[in-house]
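Have a look at the structure below before the remarks.
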Amino acid sequence: MRHFASPADTRSALFATGVGSASNAIRVCNACRALQPFDARVTFYELFDEKKSFDVKNVVLNVKFKQMQKVLHPDKFATASERERELSSDYSSLVNKAYKVLVDPYERGLYLLCLHGKEVKEDSDIQLTPDFLMEVMEFNEAIADNKVSQETLKTLKVENDTKIEKIIKEISTAFEFTDFDSAKLLLAKLKFYNNAAEKIKEKLQ
Ligand SMILES: [Zn+2]
């Protein structure tokens, strides 16, 4: 059977079916509305109908994620062909993967660098200053201290969260000015702050 996968301009017609209305990247046949394989070149941004930018809003992503998971839910394909069930499962995995990357500033930054052909190949590509590394080491020692109080941990958390918030703004600016070298450096720093956040979380009761 020949299927006619939907181009973006037929979007309105697809609203009736549910599938396809959630994202232009979810392709359905115009004739029989069966789910069609996705374009392998589709980016996570296209899947979420978002601009290729560092500044995505998590609230917006959440809404779109839930909507796509709803239309791709296995229950909706209980009576569909095996091919369609497989496709819906493939789409669902893709949506999960895309969401995980886009919702996380660090992962999103790395992904965006990749899309610009500036991927970080190895951590050793990036030279962090001894001052920064010293600061991180001392901060991590404070967290790891056996006698650290919950009060101190809370203070460290506020300090670290503030650093994360600040650096995310700086990363956003770097991408805005297509300054990929700065973005790489800032993302490398963000990774350290994220690690510290994890360690604080483990010790905070
Ligand atoms: Zn068809």
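Note on naming: chains are A, B, ... as they come in the structure tokens, residues start from 1 per chain, ligands start from 1 in the order shown.
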Neighbourhood of ligand 1 at 6 Å, counting only C-alpha atoms and all ligand atoms, reported as number ranges by chain: A: 3-4, 29, 31-34
Contacts of A:Arg83 within 10 Å, only C-alpha atoms, excl. fewer than 3 positions in-chain, as a count of residues only: 9
Among the residues A:Val101, A:Leu94, A:Ile143, A:Leu128, the one that comes closest to A:Leu72 [using only C-alpha atoms]: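 Under the stated criterion, the closest residue is A:Leu94.
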Secondary structure check, helix (DSSP H, G or I) residues of stretch 2-147 of chain A, as a ChimeraX atom specification: /A:8-14,44-47,58-71,74-77,82-103,105-115,123-125,130-144
How about saving the chosen residues, C-alpha atoms kept, as a PDB file, in the first residue's frame?
```pdb
ATOM      1  CA  ALA A   8       3.912  20.437   7.308  1.00  0.00           C
ATOM      2  CA  ASP A   9       1.213  22.399   5.438  1.00  0.00           C
ATOM      3  CA  THR A  10      -1.393  19.692   5.932  1.00  0.00           C
ATOM      4  CA  ARG A  11      -1.155  20.099   9.653  1.00  0.00           C
ATOM      5  CA  SER A  12      -4.685  21.357  10.167  1.00  0.00           C
ATOM      6  CA  ALA A  13      -6.139  18.262   8.533  1.00  0.00           C
ATOM      7  CA  LEU A  14      -4.307  16.114  11.034  1.00  0.00           C
ATOM      8  CA  PHE A  44      15.085  17.427  18.672  1.00  0.00           C
ATOM      9  CA  TYR A  45      14.107  21.070  18.177  1.00  0.00           C
ATOM     10  CA  GLU A  46      11.968  20.258  15.141  1.00  0.00           C
ATOM     11  CA  LEU A  47      10.310  17.434  17.019  1.00  0.00           C
ATOM     12  CA  ASN A  58      10.814  24.050  30.350  1.00  0.00           C
ATOM     13  CA  VAL A  59       7.118  24.749  30.985  1.00  0.00           C
ATOM     14  CA  VAL A  60       6.513  24.789  27.232  1.00  0.00           C
ATOM     15  CA  LEU A  61       8.595  21.626  26.717  1.00  0.00           C
ATOM     16  CA  ASN A  62       6.635  19.862  29.454  1.00  0.00           C
ATOM     17  CA  VAL A  63       3.312  20.619  27.820  1.00  0.00           C
ATOM     18  CA  LYS A  64       4.490  19.468  24.390  1.00  0.00           C
ATOM     19  CA  PHE A  65       6.145  16.371  25.850  1.00  0.00           C
ATOM     20  CA  LYS A  66       2.950  15.284  27.596  1.00  0.00           C
ATOM     21  CA  GLN A  67       0.894  15.950  24.484  1.00  0.00           C
ATOM     22  CA  MET A  68       3.186  13.846  22.290  1.00  0.00           C
ATOM     23  CA  GLN A  69       3.370  11.030  24.826  1.00  0.00           C
ATOM     24  CA  LYS A  70      -0.413  11.045  24.938  1.00  0.00           C
ATOM     25  CA  VAL A  71      -0.907  10.696  21.173  1.00  0.00           C
ATOM     26  CA  PRO A  74       0.620   2.275  23.127  1.00  0.00           C
ATOM     27  CA  ASP A  75      -3.097   2.113  24.059  1.00  0.00           C
ATOM     28  CA  LYS A  76      -3.880   4.317  21.063  1.00  0.00           C
ATOM     29  CA  PHE A  77      -2.276   1.732  18.792  1.00  0.00           C
ATOM     30  CA  GLU A  82       2.361  -4.164  13.808  1.00  0.00           C
ATOM     31  CA  ARG A  83       4.256  -1.655  11.683  1.00  0.00           C
ATOM     32  CA  GLU A  84       2.379   1.235  13.183  1.00  0.00           C
ATOM     33  CA  ARG A  85       2.840  -0.091  16.698  1.00  0.00           C
ATOM     34  CA  GLU A  86       6.576  -0.295  16.099  1.00  0.00           C
ATOM     35  CA  LEU A  87       6.642   3.190  14.642  1.00  0.00           C
ATOM     36  CA  SER A  88       4.716   4.649  17.551  1.00  0.00           C
ATOM     37  CA  SER A  89       7.195   3.051  19.916  1.00  0.00           C
ATOM     38  CA  ASP A  90      10.130   4.448  17.880  1.00  0.00           C
ATOM     39  CA  TYR A  91       8.580   7.905  17.958  1.00  0.00           C
ATOM     40  CA  SER A  92       7.984   7.598  21.652  1.00  0.00           C
ATOM     41  CA  SER A  93      11.655   6.743  22.294  1.00  0.00           C
ATOM     42  CA  LEU A  94      12.723   9.650  20.130  1.00  0.00           C
ATOM     43  CA  VAL A  95      10.439  12.014  22.022  1.00  0.00           C
ATOM     44  CA  ASN A  96      11.817  10.779  25.363  1.00  0.00           C
ATOM     45  CA  LYS A  97      15.392  11.202  24.198  1.00  0.00           C
ATOM     46  CA  ALA A  98      14.743  14.662  22.764  1.00  0.00           C
ATOM     47  CA  TYR A  99      12.970  15.781  25.916  1.00  0.00           C
ATOM     48  CA  LYS A 100      15.798  14.622  28.190  1.00  0.00           C
ATOM     49  CA  VAL A 101      18.301  16.612  26.139  1.00  0.00           C
ATOM     50  CA  LEU A 102      16.264  19.775  25.626  1.00  0.00           C
ATOM     51  CA  VAL A 103      15.085  20.071  29.212  1.00  0.00           C
ATOM     52  CA  PRO A 105      20.704  23.142  30.035  1.00  0.00           C
ATOM     53  CA  TYR A 106      23.988  21.228  29.963  1.00  0.00           C
ATOM     54  CA  GLU A 107      22.787  18.524  27.547  1.00  0.00           C
ATOM     55  CA  ARG A 108      20.940  21.112  25.473  1.00  0.00           C
ATOM     56  CA  GLY A 109      24.082  23.236  25.170  1.00  0.00           C
ATOM     57  CA  LEU A 110      26.166  20.287  23.995  1.00  0.00           C
ATOM     58  CA  TYR A 111      23.473  19.311  21.518  1.00  0.00           C
ATOM     59  CA  LEU A 112      23.235  22.836  20.174  1.00  0.00           C
ATOM     60  CA  LEU A 113      27.009  22.916  19.684  1.00  0.00           C
ATOM     61  CA  CYS A 114      26.679  19.674  17.709  1.00  0.00           C
ATOM     62  CA  LEU A 115      23.965  21.151  15.484  1.00  0.00           C
ATOM     63  CA  ASP A 123      36.912  17.329  27.796  1.00  0.00           C
ATOM     64  CA  SER A 124      40.626  17.956  27.260  1.00  0.00           C
ATOM     65  CA  ASP A 125      39.667  20.312  24.404  1.00  0.00           C
ATOM     66  CA  PRO A 130      43.786  26.848  37.702  1.00  0.00           C
ATOM     67  CA  ASP A 131      41.798  29.427  39.704  1.00  0.00           C
ATOM     68  CA  PHE A 132      38.509  27.899  38.638  1.00  0.00           C
ATOM     69  CA  LEU A 133      39.698  24.356  39.318  1.00  0.00           C
ATOM     70  CA  MET A 134      40.955  25.411  42.755  1.00  0.00           C
ATOM     71  CA  GLU A 135      37.616  27.037  43.556  1.00  0.00           C
ATOM     72  CA  VAL A 136      35.764  23.857  42.532  1.00  0.00           C
ATOM     73  CA  MET A 137      38.098  21.659  44.558  1.00  0.00           C
ATOM     74  CA  GLU A 138      37.632  23.715  47.701  1.00  0.00           C
ATOM     75  CA  PHE A 139      33.887  23.808  47.234  1.00  0.00           C
ATOM     76  CA  ASN A 140      33.729  20.035  46.796  1.00  0.00           C
ATOM     77  CA  GLU A 141      35.875  19.534  49.880  1.00  0.00           C
ATOM     78  CA  ALA A 142      33.437  21.630  51.895  1.00  0.00           C
ATOM     79  CA  ILE A 143      30.558  19.404  50.717  1.00  0.00           C
ATOM     80  CA  ALA A 144      32.482  16.183  51.336  1.00  0.00           C
TER      81      ALA A 144
END
```
Env of A:Tyr193: 12 Å cut, atoms = only C-alpha atoms, seq-sep filter 5 positions within chain, self excluded. Answer as a PDB file with C-alpha atoms, in the first residue's frame.
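Output file result-v2.pdb follows:
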```pdb
ATOM      1  CA  TYR A 106      23.988  21.228  29.963  1.00  0.00           C
ATOM      2  CA  PHE A 132      38.509  27.899  38.638  1.00  0.00           C
ATOM      3  CA  LEU A 133      39.698  24.356  39.318  1.00  0.00           C
ATOM      4  CA  GLU A 135      37.616  27.037  43.556  1.00  0.00           C
ATOM      5  CA  VAL A 136      35.764  23.857  42.532  1.00  0.00           C
ATOM      6  CA  MET A 137      38.098  21.659  44.558  1.00  0.00           C
ATOM      7  CA  PHE A 139      33.887  23.808  47.234  1.00  0.00           C
ATOM      8  CA  ASN A 140      33.729  20.035  46.796  1.00  0.00           C
ATOM      9  CA  LEU A 156      26.372  25.787  49.872  1.00  0.00           C
ATOM     10  CA  LYS A 157      23.317  24.826  47.866  1.00  0.00           C
ATOM     11  CA  VAL A 158      22.151  28.439  47.605  1.00  0.00           C
ATOM     12  CA  GLU A 159      25.653  29.486  46.579  1.00  0.00           C
ATOM     13  CA  ASN A 160      25.879  26.756  43.946  1.00  0.00           C
ATOM     14  CA  ASP A 161      22.363  27.339  42.592  1.00  0.00           C
ATOM     15  CA  THR A 162      23.200  31.023  42.177  1.00  0.00           C
ATOM     16  CA  LYS A 163      26.324  30.105  40.193  1.00  0.00           C
ATOM     17  CA  ILE A 164      24.278  27.775  37.980  1.00  0.00           C
ATOM     18  CA  GLU A 165      21.652  30.426  37.342  1.00  0.00           C
ATOM     19  CA  LYS A 166      24.323  32.979  36.457  1.00  0.00           C
ATOM     20  CA  ILE A 167      26.255  30.690  34.144  1.00  0.00           C
ATOM     21  CA  ILE A 168      23.100  29.611  32.293  1.00  0.00           C
ATOM     22  CA  LEU A 186      30.926  27.878  30.163  1.00  0.00           C
ATOM     23  CA  LEU A 187      29.309  24.479  29.635  1.00  0.00           C
ATOM     24  CA  ALA A 188      32.437  22.801  31.000  1.00  0.00           C
ATOM     25  CA  GLU A 198      24.338  16.264  42.850  1.00  0.00           C
ATOM     26  CA  LYS A 199      26.707  15.810  45.781  1.00  0.00           C
ATOM     27  CA  ILE A 200      24.826  18.357  47.882  1.00  0.00           C
TER      28      ILE A 200
END
```
Nearest-residue call for A:Lys169, choices A:Asp55, A:Val148, A:Asp49, A:Arg27, using only C-alpha atoms: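 Of A:Asp55, A:Val148, A:Asp49, A:Arg27, the one nearest A:Lys169 is A:Asp55, counting only C-alpha atoms.
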Nearest-residue call for A:His116, choices A:Ala40, A:Val28, A:Ala183, A:Leu190, using only C-alpha atoms: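 Using only C-alpha atoms, A:His116 sits closest to A:Ala183.
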